[in-house]
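Structure file protein_34.cif (mmCIF, C-alpha atoms) follows.
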```cif
data_start
loop_
_atom_site.label_atom_id
_atom_site.label_comp_id
_atom_site.auth_asym_id
_atom_site.auth_seq_id
_atom_site.Cartn_x
_atom_site.Cartn_y
_atom_site.Cartn_z
CA MET A 1 106.44 124.98 165.90
CA ALA A 2 103.26 124.00 167.68
CA TYR A 3 101.50 122.54 164.68
CA PHE A 4 104.41 120.23 163.98
CA GLU A 5 104.37 118.87 167.51
CA LYS A 6 102.93 115.49 166.42
CA VAL A 7 105.47 115.10 163.63
CA LYS A 8 108.29 112.80 164.69
CA LYS A 9 111.74 113.61 163.33
CA ASN A 10 112.49 115.64 160.20
CA PHE A 11 112.33 112.99 157.48
CA GLY A 12 109.21 111.93 155.57
CA PHE A 13 108.09 109.16 153.22
CA GLY A 14 107.22 110.69 149.84
CA CYS A 15 104.77 108.37 148.11
CA MET A 16 105.25 109.47 144.52
CA ARG A 17 107.50 106.45 143.92
CA LEU A 18 106.64 103.10 145.53
CA PRO A 19 107.92 99.53 145.13
CA MET A 20 106.32 97.93 142.10
CA LYS A 21 105.48 94.43 140.93
CA GLY A 22 104.95 94.84 137.21
CA ASP A 23 102.41 97.65 136.73
CA GLU A 24 101.02 97.38 140.25
CA VAL A 25 102.25 98.50 143.63
CA ASP A 26 103.99 95.72 145.52
CA TYR A 27 101.74 95.89 148.58
CA GLU A 28 103.68 93.29 150.54
CA GLU A 29 106.97 95.15 150.09
CA PHE A 30 105.41 98.55 150.73
CA SER A 31 103.81 97.25 153.94
CA LYS A 32 107.22 96.04 155.13
CA MET A 33 108.71 99.44 154.31
CA VAL A 34 105.92 101.20 156.22
CA ASP A 35 106.56 98.95 159.23
CA ILE A 36 110.30 99.64 159.23
CA PHE A 37 109.75 103.39 158.75
CA LEU A 38 107.36 103.61 161.72
CA GLU A 39 109.46 101.32 163.92
CA ALA A 40 112.46 103.62 163.32
CA GLY A 41 110.50 106.50 164.85
CA PHE A 42 109.32 108.33 161.71
CA ASN A 43 105.64 109.04 161.01
CA TYR A 44 105.18 111.49 158.09
CA PHE A 45 103.71 110.32 154.76
CA ASP A 46 103.04 112.50 151.70
CA THR A 47 100.74 111.71 148.76
CA ALA A 48 98.55 113.29 146.05
CA ARG A 49 95.85 112.04 143.70
CA GLY A 50 98.09 112.36 140.66
CA TYR A 51 100.87 110.25 142.15
CA MET A 52 100.98 106.93 140.33
CA ASP A 53 97.58 107.63 138.74
CA GLY A 54 95.82 107.46 142.09
CA ARG A 55 97.53 104.25 143.22
CA SER A 56 99.59 106.09 145.82
CA GLU A 57 96.47 107.01 147.83
CA THR A 58 94.97 103.53 147.68
CA ALA A 59 98.31 101.91 148.50
CA LEU A 60 98.47 104.01 151.65
CA ARG A 61 95.00 102.81 152.62
CA LYS A 62 96.00 99.19 152.11
CA CYS A 63 99.47 99.32 153.64
CA LEU A 64 99.26 102.08 156.26
CA THR A 65 95.89 103.47 157.29
CA SER A 66 94.04 100.13 157.51
CA ARG A 67 96.88 98.60 159.56
CA TYR A 68 97.76 101.32 162.08
CA PRO A 69 95.78 103.55 164.47
CA ARG A 70 95.15 107.04 163.10
CA GLU A 71 97.21 108.84 165.72
CA SER A 72 100.33 106.82 164.84
CA TYR A 73 101.02 108.59 161.53
CA ILE A 74 100.87 112.00 159.86
CA LEU A 75 99.26 112.01 156.39
CA THR A 76 99.56 114.86 153.91
CA ASN A 77 97.49 115.12 150.73
CA LYS A 78 97.02 117.86 148.14
CA LEU A 79 94.45 119.70 146.05
CA THR A 80 95.80 119.35 142.52
CA HIS A 81 95.02 121.59 139.55
CA GLY A 82 93.13 119.67 136.90
CA TYR A 83 90.93 117.74 139.32
CA PHE A 84 88.51 120.63 139.80
CA LYS A 85 87.10 123.37 137.57
CA THR A 86 84.75 125.19 139.96
CA LYS A 87 84.46 125.84 143.67
CA GLU A 88 81.68 123.25 143.78
CA ASP A 89 84.05 120.54 142.54
CA ILE A 90 86.49 120.85 145.44
CA ARG A 91 84.57 119.29 148.33
CA PRO A 92 83.51 116.15 146.41
CA PHE A 93 87.09 115.71 145.24
CA PHE A 94 88.38 116.16 148.79
CA GLU A 95 85.90 113.61 150.13
CA SER A 96 87.02 111.15 147.45
CA GLN A 97 90.61 111.59 148.67
CA LEU A 98 89.61 110.84 152.26
CA GLU A 99 87.87 107.70 151.06
CA ALA A 100 90.77 106.62 148.83
CA CYS A 101 93.21 107.02 151.72
CA GLY A 102 90.88 105.44 154.28
CA VAL A 103 90.90 108.33 156.75
CA ASP A 104 88.44 110.92 158.03
CA TYR A 105 90.89 113.82 158.11
CA PHE A 106 94.27 114.87 156.70
CA ASP A 107 96.96 116.24 158.98
CA PHE A 108 98.21 118.57 156.23
CA TYR A 109 96.40 119.53 153.04
CA LEU A 110 98.43 121.46 150.48
CA MET A 111 97.39 123.62 147.56
CA HIS A 112 99.44 121.65 145.05
CA ALA A 113 102.22 122.87 142.72
CA GLN A 114 101.38 126.54 142.98
CA THR A 115 102.57 128.74 140.13
CA ALA A 116 101.38 132.21 139.16
CA GLU A 117 98.94 130.66 136.69
CA TYR A 118 97.63 127.94 138.98
CA TYR A 119 97.34 130.40 141.85
CA ARG A 120 94.96 132.56 139.82
CA ASP A 121 92.76 129.53 139.15
CA PHE A 122 92.82 128.47 142.80
CA LYS A 123 91.83 131.98 143.86
CA GLU A 124 89.04 132.17 141.29
CA CYS A 125 87.61 128.89 142.62
CA ARG A 126 88.12 130.00 146.24
CA ALA A 127 90.18 126.88 146.85
CA TYR A 128 92.09 128.39 149.76
CA GLU A 129 88.90 129.53 151.45
CA THR A 130 87.40 126.06 151.00
CA ALA A 131 90.46 124.45 152.59
CA PHE A 132 90.30 126.83 155.53
CA ALA A 133 86.61 125.97 155.96
CA LEU A 134 87.44 122.25 155.92
CA LYS A 135 90.00 122.94 158.63
CA GLU A 136 87.32 124.60 160.73
CA GLU A 137 85.22 121.46 160.27
CA GLY A 138 88.05 119.26 161.52
CA LYS A 139 88.68 117.49 158.22
CA ILE A 140 92.06 119.17 157.79
CA ARG A 141 94.43 119.89 160.65
CA HIS A 142 96.74 122.28 158.81
CA VAL A 143 96.61 124.05 155.42
CA GLY A 144 99.74 124.63 153.39
CA ILE A 145 101.02 124.90 149.83
CA SER A 146 103.53 123.17 147.61
CA PHE A 147 105.29 125.58 145.30
CA HIS A 148 106.95 125.59 141.86
CA ASP A 149 107.62 129.15 140.74
CA ARG A 150 109.66 132.27 141.41
CA ALA A 151 110.17 133.66 144.91
CA GLU A 152 108.17 136.79 144.12
CA VAL A 153 105.09 134.64 143.46
CA LEU A 154 105.57 132.84 146.78
CA GLU A 155 105.85 136.21 148.49
CA GLN A 156 102.53 137.25 146.95
CA ILE A 157 100.75 134.07 148.07
CA LEU A 158 102.01 134.31 151.65
CA ASP A 159 101.11 138.01 151.80
CA GLU A 160 97.59 137.33 150.59
CA TYR A 161 97.03 134.19 152.67
CA PRO A 162 98.93 134.55 155.96
CA GLN A 163 96.84 131.65 157.35
CA ILE A 164 99.06 129.23 155.39
CA GLU A 165 100.88 127.08 157.93
CA ALA A 166 103.62 125.35 155.93
CA VAL A 167 105.31 125.62 152.53
CA GLN A 168 106.73 122.74 150.48
CA ILE A 169 109.49 123.79 148.08
CA GLN A 170 112.07 122.16 145.83
CA PHE A 171 115.35 122.55 147.67
CA ASN A 172 118.71 120.90 147.04
CA TYR A 173 122.34 121.92 146.73
CA VAL A 174 122.28 122.15 142.92
CA ASP A 175 119.09 124.22 142.73
CA TYR A 176 120.10 126.36 145.72
CA GLU A 177 121.27 129.28 143.55
CA ASP A 178 119.53 128.21 140.32
CA ALA A 179 117.84 131.18 138.64
CA ALA A 180 114.91 129.06 137.46
CA VAL A 181 114.18 127.18 140.68
CA GLU A 182 115.28 129.94 143.10
CA GLY A 183 115.70 127.45 145.95
CA ARG A 184 117.52 129.83 148.28
CA LYS A 185 115.23 132.75 147.53
CA CYS A 186 112.08 130.69 148.11
CA TYR A 187 113.52 129.37 151.36
CA GLU A 188 114.31 132.91 152.47
CA VAL A 189 110.75 134.02 151.72
CA CYS A 190 109.48 131.23 153.97
CA VAL A 191 111.86 132.29 156.75
CA ARG A 192 110.73 135.91 156.52
CA HIS A 193 107.11 134.81 156.81
CA ASN A 194 107.94 132.40 159.64
CA LYS A 195 106.58 129.41 157.72
CA PRO A 196 108.00 125.94 158.37
CA VAL A 197 109.51 124.45 155.21
CA ILE A 198 108.87 120.98 153.80
CA VAL A 199 111.51 119.98 151.26
CA MET A 200 110.73 118.03 148.10
CA GLU A 201 113.30 116.82 145.57
CA PRO A 202 116.28 116.93 147.96
CA VAL A 203 118.12 114.57 145.59
CA LYS A 204 116.60 116.20 142.48
CA GLY A 205 114.67 113.18 141.30
CA GLY A 206 117.68 110.92 141.85
CA ASN A 207 120.14 113.10 139.95
CA LEU A 208 122.16 113.78 143.11
CA VAL A 209 122.46 110.04 143.63
CA ASN A 210 123.70 109.36 140.10
CA LEU A 211 126.36 112.05 140.06
CA PRO A 212 128.82 112.81 137.26
CA LYS A 213 132.00 110.80 137.85
CA GLU A 214 134.14 113.72 139.03
CA ALA A 215 131.47 114.91 141.45
CA GLY A 216 130.88 111.41 142.78
CA LYS A 217 134.57 110.98 143.57
CA VAL A 218 134.55 114.13 145.72
CA LEU A 219 131.85 112.64 147.95
CA ASP A 220 133.33 109.13 147.87
CA ASP A 221 136.62 110.51 149.14
CA LEU A 222 134.85 111.51 152.36
CA LYS A 223 134.47 107.78 153.04
CA GLY A 224 131.18 108.48 154.75
CA GLY A 225 127.63 107.96 153.60
CA SER A 226 125.89 107.51 150.28
CA HIS A 227 125.59 110.29 147.72
CA ALA A 228 121.94 110.65 148.73
CA SER A 229 122.92 111.14 152.37
CA TYR A 230 124.86 114.32 151.65
CA ALA A 231 122.01 115.78 149.62
CA ILE A 232 119.32 115.00 152.18
CA ARG A 233 121.43 116.13 155.14
CA PHE A 234 122.31 119.33 153.26
CA ALA A 235 118.63 120.19 152.89
CA ALA A 236 117.71 119.17 156.43
CA GLY A 237 120.47 121.26 157.97
CA PHE A 238 118.89 124.67 157.40
CA ASP A 239 117.00 126.49 160.15
CA GLY A 240 113.24 126.36 159.69
CA ILE A 241 113.28 123.24 157.52
CA MET A 242 111.00 120.95 159.46
CA MET A 243 110.68 118.06 157.02
CA VAL A 244 112.64 116.56 154.14
CA LEU A 245 110.77 114.14 151.89
CA SER A 246 112.28 111.26 149.97
CA GLY A 247 110.44 109.19 147.39
CA MET A 248 111.55 105.66 148.22
CA GLY A 249 110.80 102.88 145.78
CA THR A 250 113.04 100.19 147.26
CA MET A 251 113.87 98.76 150.66
CA GLU A 252 117.52 99.60 150.01
CA GLN A 253 116.70 103.30 149.62
CA LEU A 254 114.58 103.25 152.77
CA GLU A 255 117.24 101.57 154.87
CA ASP A 256 119.95 103.91 153.60
CA ASN A 257 117.86 107.00 154.39
CA ILE A 258 116.92 105.76 157.84
CA SER A 259 120.55 104.99 158.65
CA TYR A 260 121.54 108.66 158.69
CA MET A 261 118.21 110.38 159.43
CA LYS A 262 117.27 108.34 162.51
CA ASP A 263 119.74 110.39 164.54
CA PHE A 264 120.15 113.34 162.19
CA GLN A 265 123.35 115.36 162.17
CA PRO A 266 123.86 118.36 159.86
CA LEU A 267 126.80 118.33 157.47
CA ASP A 268 130.05 119.27 159.17
CA GLU A 269 132.55 121.75 157.72
CA ARG A 270 134.45 119.09 155.78
CA GLU A 271 131.26 117.69 154.27
CA LEU A 272 129.95 121.15 153.38
CA ALA A 273 133.24 121.92 151.66
CA ALA A 274 132.88 118.74 149.59
CA VAL A 275 129.31 119.64 148.61
CA GLN A 276 130.56 123.05 147.54
CA LYS A 277 133.13 121.33 145.31
CA VAL A 278 130.33 119.30 143.75
CA GLN A 279 128.38 122.50 143.16
CA GLU A 280 131.44 123.97 141.43
CA ILE A 281 131.76 120.87 139.21
CA PHE A 282 128.18 121.28 138.09
CA ARG A 283 128.84 124.92 137.33
CA ARG A 284 131.83 123.99 135.14
CA MET A 285 129.99 121.51 132.96
CA ASN A 286 130.00 123.57 129.78
CA LEU A 287 127.10 125.56 131.07
CA ILE A 288 126.02 129.05 130.06
CA PRO A 289 127.98 131.30 132.48
CA CYS A 290 125.06 133.58 133.24
CA THR A 291 125.19 135.11 136.72
CA ALA A 292 121.51 136.16 136.66
CA CYS A 293 122.45 139.78 137.23
CA ARG A 294 119.35 140.60 135.16
CA TYR A 295 120.89 143.64 133.45
CA CYS A 296 119.73 142.19 130.14
CA ILE A 297 116.05 142.18 131.07
CA SER A 298 115.38 145.87 131.63
CA GLY A 299 116.32 146.81 128.08
CA CYS A 300 114.72 143.85 126.31
CA PRO A 301 111.80 145.18 124.22
CA MET A 302 110.19 141.71 124.23
CA GLY A 303 110.51 141.15 127.97
CA ILE A 304 112.24 137.78 127.57
CA PRO A 305 113.26 136.28 130.96
CA ILE A 306 116.76 135.56 129.68
CA PRO A 307 118.38 134.29 132.91
CA GLU A 308 115.55 131.82 133.43
CA MET A 309 115.94 130.61 129.84
CA PHE A 310 119.63 129.95 130.41
CA ALA A 311 119.03 128.24 133.74
CA ALA A 312 116.59 125.83 132.10
CA MET A 313 119.09 125.15 129.31
CA ASN A 314 121.81 124.39 131.84
CA THR A 315 119.57 121.97 133.69
CA GLN A 316 118.92 120.21 130.40
CA LYS A 317 122.66 119.93 129.69
CA ILE A 318 123.36 118.39 133.08
CA TYR A 319 120.45 116.05 133.45
CA GLN A 320 118.48 115.65 130.22
CA ASP A 321 115.43 115.29 132.48
CA TRP A 322 111.91 116.70 132.69
CA ASN A 323 112.73 119.40 135.25
CA SER A 324 114.31 121.75 132.73
CA SER A 325 111.31 121.60 130.42
CA TRP A 326 108.96 122.06 133.37
CA TYR A 327 110.71 125.20 134.53
CA TYR A 328 111.07 126.55 131.01
CA GLU A 329 107.31 126.24 130.61
CA ILE A 330 106.71 127.98 133.95
CA HIS A 331 108.87 130.94 133.02
CA THR A 332 107.34 131.36 129.55
CA LYS A 333 103.69 130.64 130.38
CA ASP A 334 102.78 134.34 130.60
CA ARG A 335 105.97 135.84 129.19
CA ALA A 336 107.94 135.91 125.99
CA LYS A 337 109.70 132.80 124.70
CA ALA A 338 113.26 132.57 123.44
CA SER A 339 111.98 132.56 119.84
CA ASP A 340 110.41 135.99 120.40
CA CYS A 341 113.88 137.57 120.32
CA ILE A 342 114.06 140.25 117.62
CA LYS A 343 117.89 140.26 117.77
CA CYS A 344 118.20 143.96 118.61
CA GLY A 345 121.33 143.25 120.65
CA LYS A 346 120.46 145.52 123.60
CA CYS A 347 121.00 142.64 126.01
CA GLU A 348 124.52 141.97 124.75
CA GLU A 349 125.46 145.63 125.15
CA VAL A 350 124.92 145.48 128.91
CA CYS A 351 125.95 141.89 129.67
CA PRO A 352 128.91 141.88 132.13
CA GLN A 353 129.80 138.37 130.96
CA HIS A 354 129.87 139.43 127.28
CA LEU A 355 127.61 136.52 126.36
CA LYS A 356 126.38 136.08 122.80
CA ILE A 357 122.84 136.14 124.09
CA ARG A 358 121.12 136.18 120.69
CA GLU A 359 122.88 132.99 119.63
CA LEU A 360 122.22 131.36 122.99
CA LEU A 361 118.51 132.17 122.78
CA GLU A 362 118.41 130.41 119.43
CA MET A 363 119.87 127.34 121.12
CA VAL A 364 117.25 127.55 123.85
CA SER A 365 114.49 127.85 121.27
CA ASP A 366 115.80 124.83 119.36
CA GLN A 367 116.00 122.80 122.57
CA PHE A 368 112.61 123.56 124.09
CA GLU A 369 110.30 124.92 121.43
CA ASN A 370 111.07 122.55 118.59
CA ARG A 371 110.76 119.31 120.52
CA GLN A 372 108.82 116.56 118.80
#
```
Take the structure in the file and write it out as structure tokens.
Amino acid sequence: MAYFEKVKKNFGFGCMRLPMKGDEVDYEEFSKMVDIFLEAGFNYFDTARGYMDGRSETALRKCLTSRYPRESYILTNKLTHGYFKTKEDIRPFFESQLEACGVDYFDFYLMHAQTAEYYRDFKECRAYETAFALKEEGKIRHVGISFHDRAEVLEQILDEYPQIEAVQIQFNYVDYEDAAVEGRKCYEVCVRHNKPVIVMEPVKGGNLVNLPKEAGKVLDDLKGGSHASYAIRFAAGFDGIMMVLSGMGTMEQLEDNISYMKDFQPLDERELAAVQKVQEIFRRMNLIPCTACRYCISGCPMGIPIPEMFAAMNTQKIYQDWNSSWYYEIHTKDRAKASDCIKCGKCEEVCPQHLKIRELLEMVSDQFENRQ
């Protein structure tokens, strides 16, 4: 696509995680990593004010933008909910980001972490319109969004703002069919709207590097690359995916990623078959066998998003990480929670899997609503 013409290759440096020396960024190490990344022919960097409490932006100024000519790199930043309350707050915040990063324009500027709730706030503050105006003024080259909600919400945003030029989504082989993340569905929405896709969390925050033993053996038996390589190459292999980001906190991670992304090759049939086996292993891990057919929802008098509840619970069982809580909160922000179940049993009457949904919702409630 024309507006990606200055982007070299399809792999980007996500600056949410950087090399550290105690509580501070290790500027010397990060500078070396920047040098190696650029020398290998890559040029895309991604940051946001909230990353590392603002230290990501300033580290980029110190280690990248003050050391290289502006045309030698692509820099993406984001407008994050919580850093503005009114339309009038947006421009001063944006200018502070330019200053923190040491640049006079951003190549891409994304409306950050869009959900149904955040989107309403962004619209009320005319955030999109402000970004488009900044583009007209030359301070932004391209306006996009990063997204964390259901595909139907993404469809709404792209319908209402067709000027959006790129969409950043969470996309990996575990979340591909996940009912809470809806990786495949969100990707398909982007394809229908002809929007280039930027992938975040291709290794699911490191979880697809630290695989369960059985899953790890499947990939090790290929005698090929690292566990991360299969996850990143899986994501990068889809049509329309223009960029895959990786948050790299060590030189070892950087060198590994460069080794297979410098001359990118999609997964071959044997590798795809192995990834599918890993997907099957995850599905077998004592998870709730919900197929997300959604028959249970239409008859639920409380409107509980039952498949999304179960998807979040499964993520918690596999990873015990923040993602499951995050997605649970997204899917219950404006809808009923698991504890709202009145135990009428209508859901169980229509469930093709014959799940004991009422008992399972109690488990979900105990897991997510009664946390200390």
Query raised in the report: Can you tell me, as an MDAnalysis selection string, what residues are no more than 7 Å from Tyr73 in chain A when counting all atoms listed in the file, ignoring any on the same chain fewer than 3 positions away?
Result: chainID A and resid 43:44 70
Query raised in the report: Taking the file as shown, what set of residues would the PyMOL selection byres ((chain A and resi 20) around 12) give back, as an NGL selection string?
Result: :A and (16-19 or 21-30 or 52 or 55-56 or 59 or 248-251)
Could the residues in this selection be written to a file with C-alpha atoms, as a compact mmCIF listing (two decimals), keeping the file's coordinate frame?
```
# COMPACT_ATOMS: atom_id res chain seq x y z
CA MET A 16 105.25 109.47 144.52
CA ARG A 17 107.50 106.45 143.92
CA LEU A 18 106.64 103.10 145.53
CA PRO A 19 107.92 99.53 145.13
CA LYS A 21 105.48 94.43 140.93
CA GLY A 22 104.95 94.84 137.21
CA ASP A 23 102.41 97.65 136.73
CA GLU A 24 101.02 97.38 140.25
CA VAL A 25 102.25 98.50 143.63
CA ASP A 26 103.99 95.72 145.52
CA TYR A 27 101.74 95.89 148.58
CA GLU A 28 103.68 93.29 150.54
CA GLU A 29 106.97 95.15 150.09
CA PHE A 30 105.41 98.55 150.73
CA MET A 52 100.98 106.93 140.33
CA ARG A 55 97.53 104.25 143.22
CA SER A 56 99.59 106.09 145.82
CA ALA A 59 98.31 101.91 148.50
CA MET A 248 111.55 105.66 148.22
CA GLY A 249 110.80 102.88 145.78
CA THR A 250 113.04 100.19 147.26
CA MET A 251 113.87 98.76 150.66
```
**Report entry** Hits from the PyMOL selection byres ((chain A and resi 38) around 12), listed as a VMD selection string
**Finding:** chain A and resid 7 to 9 11 to 13 31 to 37 39 to 45 64 67 to 69 72 to 74 254 258 262
Query - Between CA of Asp89 in chain A and CA of Glu124 in chain A - distance in Å to one decimal - result: 12.7 Å
Query - d(CA of His227 in chain A, CA of Ile288 in chain A) in Å - result: 25.8 Å
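The space separating CA of Val364 in chain A from CA of Ile297 in chain A comes to 16.4 Å.
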Query raised in the report: When the PyMOL selection byres ((chain A and resi 304) around 10) is applied to the file above, which residues end up in the set, as an NGL selection string?
Result: :A and (296-303 or 305-309 or 331-332 or 335-341 or 361)
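Summary of the local environment: counting all atoms listed in the file, residues at most 12 Å from Gly50 in chain A, other than itself and those fewer than 5 positions away along its chain, are Cys15, Met16, Arg17, Arg55, Ser56, Glu57, Thr58, Asn77, Lys78, Leu79, Thr80, His81, Gly82, Tyr83, Gln97, His112 and Ala113 of chain A.
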Could you please take those selected residues and save C-alpha atoms as a CSV table (one decimal), in the frame of the given file?
```csv
chain,number,residue,atom,x,y,z
A,15,CYS,CA,104.8,108.4,148.1
A,16,MET,CA,105.2,109.5,144.5
A,17,ARG,CA,107.5,106.4,143.9
A,55,ARG,CA,97.5,104.2,143.2
A,56,SER,CA,99.6,106.1,145.8
A,57,GLU,CA,96.5,107.0,147.8
A,58,THR,CA,95.0,103.5,147.7
A,77,ASN,CA,97.5,115.1,150.7
A,78,LYS,CA,97.0,117.9,148.1
A,79,LEU,CA,94.4,119.7,146.0
A,80,THR,CA,95.8,119.4,142.5
A,81,HIS,CA,95.0,121.6,139.6
A,82,GLY,CA,93.1,119.7,136.9
A,83,TYR,CA,90.9,117.7,139.3
A,97,GLN,CA,90.6,111.6,148.7
A,112,HIS,CA,99.4,121.6,145.0
A,113,ALA,CA,102.2,122.9,142.7
```
Requested in this report: Find the residues near His142 in chain A: any atom within 12 Å, counting all atoms listed in the file, skip ones fewer than 4 places away on the same chain, and give them as a VMD selection string.
Outcome: chain A and resid 2 to 4 6 74 to 78 105 to 111 128 131 to 138 163 to 167 196
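Each of A:Ala235, A:Ala292, A:Ile281, A:Ala116 was checked against Pro266 in chain A using only C-alpha atoms; the smallest atom-to-atom distance is that of A:Ala235.
Of the residues under consideration (A:Glu329, A:Asp366, A:Glu201, A:Asp256), A:Glu329 shows the shortest atom-to-atom contact distance to Glu117 in chain A when counting only C-alpha atoms.
Nearest to Met243 in chain A of all the residues A:Asn210, A:Met200, A:Tyr187, A:Trp326 is A:Met200, counting only C-alpha atoms.
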Name all residues at most 10 Å from range 173-185 of chain A (count all atoms listed in the file; drop same-chain ones fewer than 5 positions away) and give them as a tab-separated table (two decimals) with C-alpha atoms, in the coordinates of the input.
```
chain	number	residue	atom	x	y	z
A	148	HIS	CA	106.95	125.59	141.86
A	149	ASP	CA	107.62	129.15	140.74
A	150	ARG	CA	109.66	132.27	141.41
A	151	ALA	CA	110.17	133.66	144.91
A	152	GLU	CA	108.17	136.79	144.12
A	154	LEU	CA	105.57	132.84	146.78
A	190	CYS	CA	109.48	131.23	153.97
A	191	VAL	CA	111.86	132.29	156.75
A	201	GLU	CA	113.30	116.82	145.57
A	202	PRO	CA	116.28	116.93	147.96
A	203	VAL	CA	118.12	114.57	145.59
A	204	LYS	CA	116.60	116.20	142.48
A	207	ASN	CA	120.14	113.10	139.95
A	208	LEU	CA	122.16	113.78	143.11
A	230	TYR	CA	124.86	114.32	151.65
A	231	ALA	CA	122.01	115.78	149.62
A	232	ILE	CA	119.32	115.00	152.18
A	234	PHE	CA	122.31	119.33	153.26
A	235	ALA	CA	118.63	120.19	152.89
A	275	VAL	CA	129.31	119.64	148.61
A	276	GLN	CA	130.56	123.05	147.54
A	278	VAL	CA	130.33	119.30	143.75
A	279	GLN	CA	128.38	122.50	143.16
A	280	GLU	CA	131.44	123.97	141.43
A	282	PHE	CA	128.18	121.28	138.09
A	283	ARG	CA	128.84	124.92	137.33
A	290	CYS	CA	125.06	133.58	133.24
A	291	THR	CA	125.19	135.11	136.72
A	292	ALA	CA	121.51	136.16	136.66
A	293	CYS	CA	122.45	139.78	137.23
A	305	PRO	CA	113.26	136.28	130.96
A	307	PRO	CA	118.38	134.29	132.91
A	308	GLU	CA	115.55	131.82	133.43
A	309	MET	CA	115.94	130.61	129.84
A	310	PHE	CA	119.63	129.95	130.41
A	311	ALA	CA	119.03	128.24	133.74
A	312	ALA	CA	116.59	125.83	132.10
A	313	MET	CA	119.09	125.15	129.31
A	314	ASN	CA	121.81	124.39	131.84
A	315	THR	CA	119.57	121.97	133.69
A	323	ASN	CA	112.73	119.40	135.25
A	324	SER	CA	114.31	121.75	132.73
A	327	TYR	CA	110.71	125.20	134.53
A	328	TYR	CA	111.07	126.55	131.01
A	330	ILE	CA	106.71	127.98	133.95
A	331	HIS	CA	108.87	130.94	133.02
```
